[in-house]
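Take a look at the structure set out below.
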Amino acid sequence: MFSISGLNNEQRKAADTIEGPVLILAGAGSGKTRSITYRMANMVENYGLDPKTILAVTFTNKAAREMKERVTGLLGKKKSKGITLSTFHSLALKILRAEIEKLGYSKNFTIFDTADQMSLIREALNSYQGEKSFDRKSILAQIGKLKSAGISSEEFSRTDNFNTDLDYDLATEHCYQFYTDKMKFYNVIDFDDIILLTVKLFKLYPEIAEKYSRRYQYIMVDEYQDTNQLQFSMILGLTSTHNNLCVVGDDDQSIYSFRGADITNILNFEKHFSGCTVIKLEENYRSTEPILNLANNVIKENKRRKEKSLRTSNTEGISPVLWKCADTDHEAQTIVEEITKFQSSGGHLSNMAVLVRSTTQFPALEDQLRISMVPYVLVGGQKFYERKEIKDVLAYLSIMHNPKDEIALRRILNVPSRGIGAKTLEKYLDLAKEKNIHLYNAFKDCPGLDPKKEKCISAFVDLIEEFKQKIASAPLEHGIKDLIERLNFHTYIDGFYKQKKQANRRKEDLARLVESAERFTKFFGESAKLRNFVEKMILQDTPDKDESSASDDNIRKNEVTLMTLHSSKGLEYDHVFLVGMEEELLPHKKSITQGDDIEEERRLAYVGLTRAKLRMVMTYACERKIYGRDLKRFPSRFLATISNDLYQNIDKNSFSDLSEEEVKTYKKNFFDDLISKIDV
């Protein structure tokens, strides 16, 4: 007899409710994976169900593997063998391999990768008669969004998605149809087709849906709040002969609408599946009571949610803190000072995370971490000093600091283009080898080695020598700014990136590099020399680190984790800094100005708060540097609804430094109804 006595009352009910539709509302840190794996073991051991009739679907291979390991641990390999634990895409691909011939494809179809897709979009654009040029990535991204929404190439022009930008929409319509026709002709599909075509099969051939529904009599779906409409349609097909569907999720953690996730799937589950049993997992095993009280207080303001409130038996704990900081740099310094204190006291940095709403917040924090020599891993974005244009400019600085740096020299020899090609470089490499000198000295000593390129070589060497002197004598940030201007780097970026939006982002990165140098100068004063800047800001990273994801290996390293709120979901840390609890950051400016879902922004805040196990520090800046301008900031409206006794170190007169007129403007622009709750 398999025992579920180790579960709490709510978890036991979840594990022991087998028949009919079941909605398990699993709050953050409430042990949902434990509950659903025990449910599967209970179904096999105590209810005698055939493992082959059980299907559990999740979103990532990692989650599926973890679930499989846990079920195997509970049942053993032999008894768990027949259970299907899969991602949506893996399951759909399995169905397509067996049934796709009915849609006019052969079973030996292949799946296009991104490079193949881009090649086909290029071909489509070449055949388009429009006068403007279009960015292939944008067209492909739009086609992907349409497929995820279940909109075919024929349907596109009849939807609300059309006429948002007529030129682009007409080009997309042409490319989508061209792309679809060619894909079928080549007998290939792409990643977005996998679920789209499966749903199409189920709709055109209900007997196929019925076949798989009879095979999988008991279905579980994890992270149900993240499902989109296509995945919902696939679930409907899989349950066409029965209603044994158990979904697990938390509407309060639905934060992926930009990926197509539809929160109404979980909010309306009881309408879609009548006679549903609702089970709430509200006992949290992660955070202390003070942190949970704060999180509950924030999320209760959302109107579109299932009522629930996290609780814990861990009633002791440090009260959350809100730090009011002067500006962006003060905020970063204050946070990193706290991190270094923790490190000095013997704390392991992997127990700390710094969470931000926007990747634009990374540079100031990265600079301060580098200045203080604090190792960090960045998740949910690319490290600032690893971006192409930043590395290009830094390569110039490296050459000025160390002319022997051949890697840096070769990187920027023809960036921006100055007509020095591979053949010319080869000649100078041979000369350097022959004379046993460094490559830069070869250019400097023999600019006429290639007579046709003598002017180019001389101009390059003169530039390096001139700015070596300039940066040594002028403030660092001025020298870097002048170097960017002299190189006409903005013009180079415009030519390198066809999409204006992407080019503008790269230019903004260069502006942030100048700000970083300014920040460095302000911090180090007279010691802010090029050598120190290169050593502190550039030479921090070892080349063998993989920082692309929040893997277990990365998190175990003695590094603080710097990440976006979106990337933090599912993770937990002893100590968490939630940075930028202010209007136009959390909630984000786009949500305010474009009328997007403020409730999802509040869910993001809730996700951030519930990552903390022992300590939560929130911050906001009274002034933040945004695209080079110092702008006044105001506390987030999410703070306005929280009882003051739920967090410490609050300046209750946080508006006392504003004029009466500024307070009026603040109230008018942001949250008239909420600001009244703050004593100004």
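Chain labels run A, B, ... following the order of the structure tokens; each chain numbers its residues from 1, and ligands are numbered from 1 in the order shown.
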Can you pull out every residue from range 42-284 of chain A that DSSP, working from the backbone, puts in helix (DSSP H, G or I), and format the result as JSON, numbers by chain?
{"A": [42, 43, 44, 45, 51, 52, 53, 61, 62, 63, 64, 65, 66, 67, 68, 69, 70, 71, 72, 73, 74, 75, 77, 78, 79, 80, 88, 89, 90, 91, 92, 93, 94, 95, 96, 97, 98, 99, 100, 101, 102, 103, 114, 115, 116, 117, 118, 119, 120, 121, 122, 123, 124, 125, 126, 136, 137, 138, 139, 140, 141, 142, 143, 144, 145, 146, 147, 148, 156, 157, 158, 166, 167, 168, 169, 170, 171, 172, 173, 174, 175, 176, 177, 178, 179, 180, 181, 182, 183, 184, 185, 186, 193, 194, 195, 196, 197, 198, 199, 200, 201, 202, 203, 204, 206, 207, 208, 209, 210, 211, 212, 213, 214, 215, 224, 225, 226, 229, 230, 231, 232, 233, 234, 235, 236, 237, 238, 251, 252, 253, 257, 258, 259, 264, 265, 266, 267, 269, 270, 271, 272]}
Could you write those residues out with C-alpha atoms, as a CSV table (one decimal), in the first residue's frame?
chain,number,residue,atom,x,y,z
A,42,ASN,CA,-1.3,6.8,-5.7
A,43,MET,CA,-3.2,6.2,-9.0
A,44,VAL,CA,-1.0,3.3,-9.9
A,45,GLU,CA,-0.4,1.7,-6.5
A,51,PRO,CA,0.4,3.5,-16.0
A,52,LYS,CA,-0.1,3.6,-19.8
A,53,THR,CA,-3.4,5.5,-19.3
A,61,ASN,CA,12.1,19.2,-20.6
A,62,LYS,CA,13.7,20.0,-17.3
A,63,ALA,CA,10.3,20.0,-15.5
A,64,ALA,CA,9.4,16.7,-17.2
A,65,ARG,CA,12.7,15.1,-16.2
A,66,GLU,CA,12.3,16.2,-12.6
A,67,MET,CA,8.8,14.8,-12.5
A,68,LYS,CA,9.9,11.6,-14.0
A,69,GLU,CA,12.8,11.2,-11.5
A,70,ARG,CA,10.4,11.8,-8.6
A,71,VAL,CA,7.7,9.4,-9.8
A,72,THR,CA,10.4,6.7,-10.5
A,73,GLY,CA,11.7,7.3,-6.9
A,74,LEU,CA,8.2,6.7,-5.5
A,75,LEU,CA,7.1,3.7,-7.7
A,77,LYS,CA,11.4,1.9,-12.6
A,78,LYS,CA,9.1,-1.1,-13.4
A,79,LYS,CA,5.8,0.4,-12.2
A,80,SER,CA,6.5,3.9,-13.4
A,88,PHE,CA,3.3,19.8,-25.0
A,89,HIS,CA,5.6,19.9,-28.0
A,90,SER,CA,7.1,16.4,-27.5
A,91,LEU,CA,3.6,14.9,-27.2
A,92,ALA,CA,2.3,16.8,-30.3
A,93,LEU,CA,5.4,15.7,-32.3
A,94,LYS,CA,4.7,12.1,-31.3
A,95,ILE,CA,1.1,12.4,-32.6
A,96,LEU,CA,2.2,14.1,-35.8
A,97,ARG,CA,4.8,11.4,-36.6
A,98,ALA,CA,1.9,8.9,-36.6
A,99,GLU,CA,-0.9,10.9,-38.2
A,100,ILE,CA,0.4,13.8,-40.3
A,101,GLU,CA,-0.2,12.1,-43.6
A,102,LYS,CA,-3.9,13.1,-43.3
A,103,LEU,CA,-2.7,16.8,-43.6
A,114,THR,CA,15.9,29.3,-37.3
A,115,ALA,CA,18.5,29.6,-40.1
A,116,ASP,CA,16.3,27.6,-42.4
A,117,GLN,CA,13.3,29.7,-41.6
A,118,MET,CA,15.2,32.9,-42.2
A,119,SER,CA,16.4,31.7,-45.5
A,120,LEU,CA,12.8,31.0,-46.6
A,121,ILE,CA,11.7,34.4,-45.4
A,122,ARG,CA,14.5,36.0,-47.4
A,123,GLU,CA,13.2,34.1,-50.5
A,124,ALA,CA,9.7,35.3,-49.7
A,125,LEU,CA,10.7,38.9,-49.4
A,126,ASN,CA,12.7,38.7,-52.7
A,136,ARG,CA,13.3,39.3,-41.8
A,137,LYS,CA,13.4,38.7,-38.0
A,138,SER,CA,10.4,40.9,-37.5
A,139,ILE,CA,8.4,39.1,-40.2
A,140,LEU,CA,9.3,35.7,-38.8
A,141,ALA,CA,8.5,36.7,-35.3
A,142,GLN,CA,5.0,37.9,-36.4
A,143,ILE,CA,4.4,34.7,-38.2
A,144,GLY,CA,5.3,32.8,-35.0
A,145,LYS,CA,2.9,34.9,-33.0
A,146,LEU,CA,0.1,34.2,-35.5
A,147,LYS,CA,0.7,30.5,-35.4
A,148,SER,CA,0.7,30.5,-31.6
A,156,PHE,CA,-4.5,36.7,-41.0
A,157,SER,CA,-6.1,39.6,-43.0
A,158,ARG,CA,-9.5,39.0,-41.4
A,166,LEU,CA,-0.3,48.2,-43.1
A,167,ASP,CA,3.0,48.0,-45.0
A,168,TYR,CA,4.4,45.4,-42.6
A,169,ASP,CA,1.1,43.5,-42.5
A,170,LEU,CA,0.9,43.2,-46.2
A,171,ALA,CA,4.5,42.0,-46.4
A,172,THR,CA,3.8,39.6,-43.6
A,173,GLU,CA,0.6,38.3,-45.3
A,174,HIS,CA,2.6,37.6,-48.5
A,175,CYS,CA,5.5,36.0,-46.6
A,176,TYR,CA,3.2,33.9,-44.4
A,177,GLN,CA,1.4,32.4,-47.4
A,178,PHE,CA,4.7,31.9,-49.3
A,179,TYR,CA,6.3,30.3,-46.3
A,180,THR,CA,3.4,28.0,-45.6
A,181,ASP,CA,3.2,26.8,-49.2
A,182,LYS,CA,6.9,26.2,-49.5
A,183,MET,CA,7.1,24.4,-46.2
A,184,LYS,CA,4.4,22.0,-47.2
A,185,PHE,CA,6.1,21.5,-50.6
A,186,TYR,CA,9.4,20.7,-48.9
A,193,ASP,CA,3.7,24.2,-36.4
A,194,ILE,CA,4.0,21.3,-34.0
A,195,ILE,CA,1.0,22.2,-31.8
A,196,LEU,CA,-0.8,24.1,-34.6
A,197,LEU,CA,-0.9,21.1,-36.9
A,198,THR,CA,-1.8,18.7,-34.1
A,199,VAL,CA,-4.8,20.9,-33.2
A,200,LYS,CA,-5.7,21.1,-36.9
A,201,LEU,CA,-5.6,17.2,-37.0
A,202,PHE,CA,-8.0,17.0,-34.0
A,203,LYS,CA,-10.4,19.5,-35.6
A,204,LEU,CA,-10.5,18.0,-39.1
A,206,PRO,CA,-12.2,14.0,-34.5
A,207,GLU,CA,-11.5,10.3,-34.6
A,208,ILE,CA,-7.8,11.0,-34.1
A,209,ALA,CA,-8.5,13.1,-31.0
A,210,GLU,CA,-10.8,10.3,-29.8
A,211,LYS,CA,-8.0,7.8,-30.4
A,212,TYR,CA,-5.5,9.6,-28.1
A,213,SER,CA,-8.2,10.5,-25.6
A,214,ARG,CA,-9.0,6.8,-25.2
A,215,ARG,CA,-5.3,6.0,-24.8
A,224,TYR,CA,-1.8,25.5,-16.5
A,225,GLN,CA,-1.8,29.3,-16.1
A,226,ASP,CA,0.8,29.5,-18.8
A,229,GLN,CA,-5.3,29.0,-26.8
A,230,LEU,CA,-3.7,26.4,-29.0
A,231,GLN,CA,-2.6,24.3,-26.0
A,232,PHE,CA,-6.1,24.6,-24.6
A,233,SER,CA,-7.5,23.3,-27.9
A,234,MET,CA,-5.1,20.4,-27.8
A,235,ILE,CA,-6.2,19.6,-24.2
A,236,LEU,CA,-9.9,19.7,-25.3
A,237,GLY,CA,-9.1,17.1,-28.0
A,238,LEU,CA,-7.2,14.9,-25.6
A,251,ASP,CA,-3.2,32.4,-11.6
A,252,ASP,CA,-1.3,34.7,-9.3
A,253,GLN,CA,1.9,33.7,-11.1
A,257,SER,CA,1.1,37.0,-21.7
A,258,PHE,CA,3.8,38.3,-24.0
A,259,ARG,CA,4.5,34.7,-25.0
A,264,THR,CA,-8.5,33.0,-18.8
A,265,ASN,CA,-7.7,29.3,-19.3
A,266,ILE,CA,-7.2,28.9,-15.5
A,267,LEU,CA,-9.7,31.5,-14.4
A,269,PHE,CA,-11.6,26.3,-15.9
A,270,GLU,CA,-14.7,25.6,-13.9
A,271,LYS,CA,-16.8,27.0,-16.8
A,272,HIS,CA,-15.0,24.9,-19.3
DSSP-assigned strand (DSSP E or B) among range 157-233 of chain A, expressed as a list in words:
Val188, Ile189, Tyr218, Ile219, Met220 and Val221 of chain A
Now that the selection is made, can you save its residues with C-alpha atoms as an mmCIF file, in the first residue's frame?
data_model
loop_
_atom_site.group_PDB
_atom_site.id
_atom_site.type_symbol
_atom_site.label_atom_id
_atom_site.label_comp_id
_atom_site.auth_asym_id
_atom_site.auth_seq_id
_atom_site.Cartn_x
_atom_site.Cartn_y
_atom_site.Cartn_z
ATOM 1 C CA VAL A 188 9.043 20.424 -43.451
ATOM 2 C CA ILE A 189 7.465 22.085 -40.436
ATOM 3 C CA TYR A 218 -6.048 10.373 -16.919
ATOM 4 C CA ILE A 219 -4.386 13.634 -17.898
ATOM 5 C CA MET A 220 -2.487 16.152 -15.784
ATOM 6 C CA VAL A 221 -1.253 19.552 -16.959
#
Each residue of range 270-338 of chain A lying at most 8 Å from range 579-599 of chain A should get a row with its shortest atom-to-atom pair and the distance in Å to one decimal, counting only C-alpha atoms; could you produce that, ordered by chain and increasing number, as a tab-separated table?
residue	atom	partner	partner_atom	distance
A:Asn302	CA	A:Glu599	CA	5.8
A:Lys303	CA	A:Glu599	CA	8.0
A:Arg304	CA	A:Glu599	CA	7.9
Please measure the separation of CA of Glu477 in chain A and CA of Val514 in chain A, giving the value in Å to one decimal.
5.3 Å
Between A:His575, A:Arg370, A:Arg506, A:His478, single out the one closest to Val321 in chain A, counting only C-alpha atoms.
A:His575
With distances taken over only C-alpha atoms, the candidate from A:Val354, A:Thr241, A:Leu394, A:Asp405 nearest Leu483 in chain A is A:Leu394
Between A:Gly31, A:Asn402, A:Leu7, A:Leu513, which residue has the minimum interatomic distance to Arg387 in chain A, considering only C-alpha atoms?
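Of the candidates, the smallest distance to Arg387 in chain A is held by A:Leu513.
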One decimal, in Å: what's the spacing between CA of Glu282 in chain A and CA of Arg311 in chain A?
6.1 Å
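Candidate residues A:Tyr128, A:Tyr620, A:Tyr396, A:Tyr627 were compared for distance to Leu463 in chain A, and the nearest is A:Tyr396, using only C-alpha atoms.
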Quick one: pull the distance between CA of Leu23 in chain A and CA of Val248 in chain A, Å, one decimal.
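Separation of CA of Leu23 in chain A and CA of Val248 in chain A: 6.2 Å.
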May I ask which of the residues A:Arg418, A:Ile457, A:Glu508, A:Gly317 is the closest one to Leu292 in chain A, counting only C-alpha atoms?
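Of all the options, A:Gly317 lies closest to Leu292 in chain A.
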Near Lys453 in chain A, counting only C-alpha atoms, which residues have an atom at most 9 Å away, once you skip same-chain residues fewer than 6 positions from it, shown as a PDB file with N, CA, C and O atoms, in the first residue's frame?
ATOM      1  N   GLY A 419      38.677  49.374 -44.640  1.00  0.00           N
ATOM      2  CA  GLY A 419      39.315  48.813 -45.824  1.00  0.00           C
ATOM      3  C   GLY A 419      40.515  47.931 -45.554  1.00  0.00           C
ATOM      4  O   GLY A 419      41.293  47.647 -46.464  1.00  0.00           O
ATOM      5  N   ILE A 420      40.699  47.502 -44.316  1.00  0.00           N
ATOM      6  CA  ILE A 420      41.824  46.619 -43.989  1.00  0.00           C
ATOM      7  C   ILE A 420      41.293  45.189 -43.935  1.00  0.00           C
ATOM      8  O   ILE A 420      40.685  44.776 -42.950  1.00  0.00           O
ATOM      9  N   THR A 424      45.538  41.891 -46.083  1.00  0.00           N
ATOM     10  CA  THR A 424      46.438  42.865 -45.457  1.00  0.00           C
ATOM     11  C   THR A 424      46.841  42.392 -44.063  1.00  0.00           C
ATOM     12  O   THR A 424      48.019  42.458 -43.689  1.00  0.00           O
ATOM     13  N   PRO A 447      53.774  51.049 -41.739  1.00  0.00           N
ATOM     14  CA  PRO A 447      52.450  51.303 -42.323  1.00  0.00           C
ATOM     15  C   PRO A 447      52.415  51.109 -43.839  1.00  0.00           C
ATOM     16  O   PRO A 447      51.355  50.884 -44.406  1.00  0.00           O
TER      17      PRO A 447
END
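Candidate residues A:Thr641, A:Ile626, A:His348, A:Ala395 were compared for distance to Lys300 in chain A, and the nearest is A:Thr641, using only C-alpha atoms.
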Which polymer residues have any atom within 12 Å of an atom of Glu535 in chain A, counting only C-alpha atoms, with same-chain residues fewer than 5 positions away left out, as a ChimeraX atom specification?
/A:370-373,394,397-398,401-402,520,528-530,540-541
Please produce a file of those selected residues containing N, CA, C and O atoms, as a short mmCIF file (atom, residue, chain, number, x, y, z; two decimals), in the first residue's frame.
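Dumped to selection32.cif:
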data_model
loop_
_atom_site.label_atom_id
_atom_site.label_comp_id
_atom_site.auth_asym_id
_atom_site.auth_seq_id
_atom_site.Cartn_x
_atom_site.Cartn_y
_atom_site.Cartn_z
N ARG A 370 31.09 44.84 -10.38
CA ARG A 370 32.45 44.71 -10.93
C ARG A 370 33.43 45.58 -10.14
O ARG A 370 34.55 45.16 -9.84
N ILE A 371 33.00 46.80 -9.84
CA ILE A 371 33.87 47.69 -9.06
C ILE A 371 34.22 47.06 -7.72
O ILE A 371 35.35 47.15 -7.24
N SER A 372 33.23 46.40 -7.12
CA SER A 372 33.43 45.79 -5.80
C SER A 372 33.97 44.36 -5.90
O SER A 372 34.09 43.68 -4.88
N MET A 373 34.27 43.92 -7.13
CA MET A 373 34.85 42.59 -7.37
C MET A 373 33.94 41.48 -6.83
O MET A 373 34.40 40.48 -6.28
N LEU A 394 35.35 48.53 -26.13
CA LEU A 394 36.28 48.11 -25.09
C LEU A 394 37.56 47.53 -25.68
O LEU A 394 38.63 47.62 -25.08
N LEU A 397 39.81 50.34 -26.17
CA LEU A 397 40.40 50.74 -24.89
C LEU A 397 41.48 49.74 -24.46
O LEU A 397 42.51 50.13 -23.90
N SER A 398 41.25 48.46 -24.74
CA SER A 398 42.23 47.44 -24.37
C SER A 398 43.54 47.65 -25.12
O SER A 398 44.63 47.48 -24.56
N HIS A 401 45.36 50.46 -23.61
CA HIS A 401 45.93 50.04 -22.32
C HIS A 401 47.07 49.05 -22.52
O HIS A 401 48.11 49.11 -21.85
N ASN A 402 46.89 48.13 -23.47
CA ASN A 402 47.87 47.06 -23.70
C ASN A 402 48.00 46.79 -25.20
O ASN A 402 47.27 45.97 -25.75
N PHE A 520 32.13 55.19 -12.93
CA PHE A 520 33.43 54.71 -12.48
C PHE A 520 34.29 55.89 -12.00
O PHE A 520 34.93 55.81 -10.95
N ALA A 528 40.53 56.97 -11.22
CA ALA A 528 39.74 56.45 -12.35
C ALA A 528 40.53 56.57 -13.65
O ALA A 528 40.24 57.39 -14.51
N LYS A 529 41.53 55.73 -13.79
CA LYS A 529 42.36 55.73 -14.99
C LYS A 529 41.93 54.58 -15.91
O LYS A 529 41.25 53.64 -15.49
N LEU A 530 42.38 54.67 -17.15
CA LEU A 530 42.03 53.65 -18.14
C LEU A 530 42.43 52.25 -17.65
O LEU A 530 41.66 51.30 -17.78
N GLN A 540 36.71 40.89 -15.81
CA GLN A 540 36.05 40.22 -14.69
C GLN A 540 35.70 38.77 -14.98
O GLN A 540 35.67 37.94 -14.10
N ASP A 541 35.39 38.50 -16.23
CA ASP A 541 34.78 37.22 -16.56
C ASP A 541 35.78 36.21 -17.09
O ASP A 541 36.64 36.54 -17.90
#
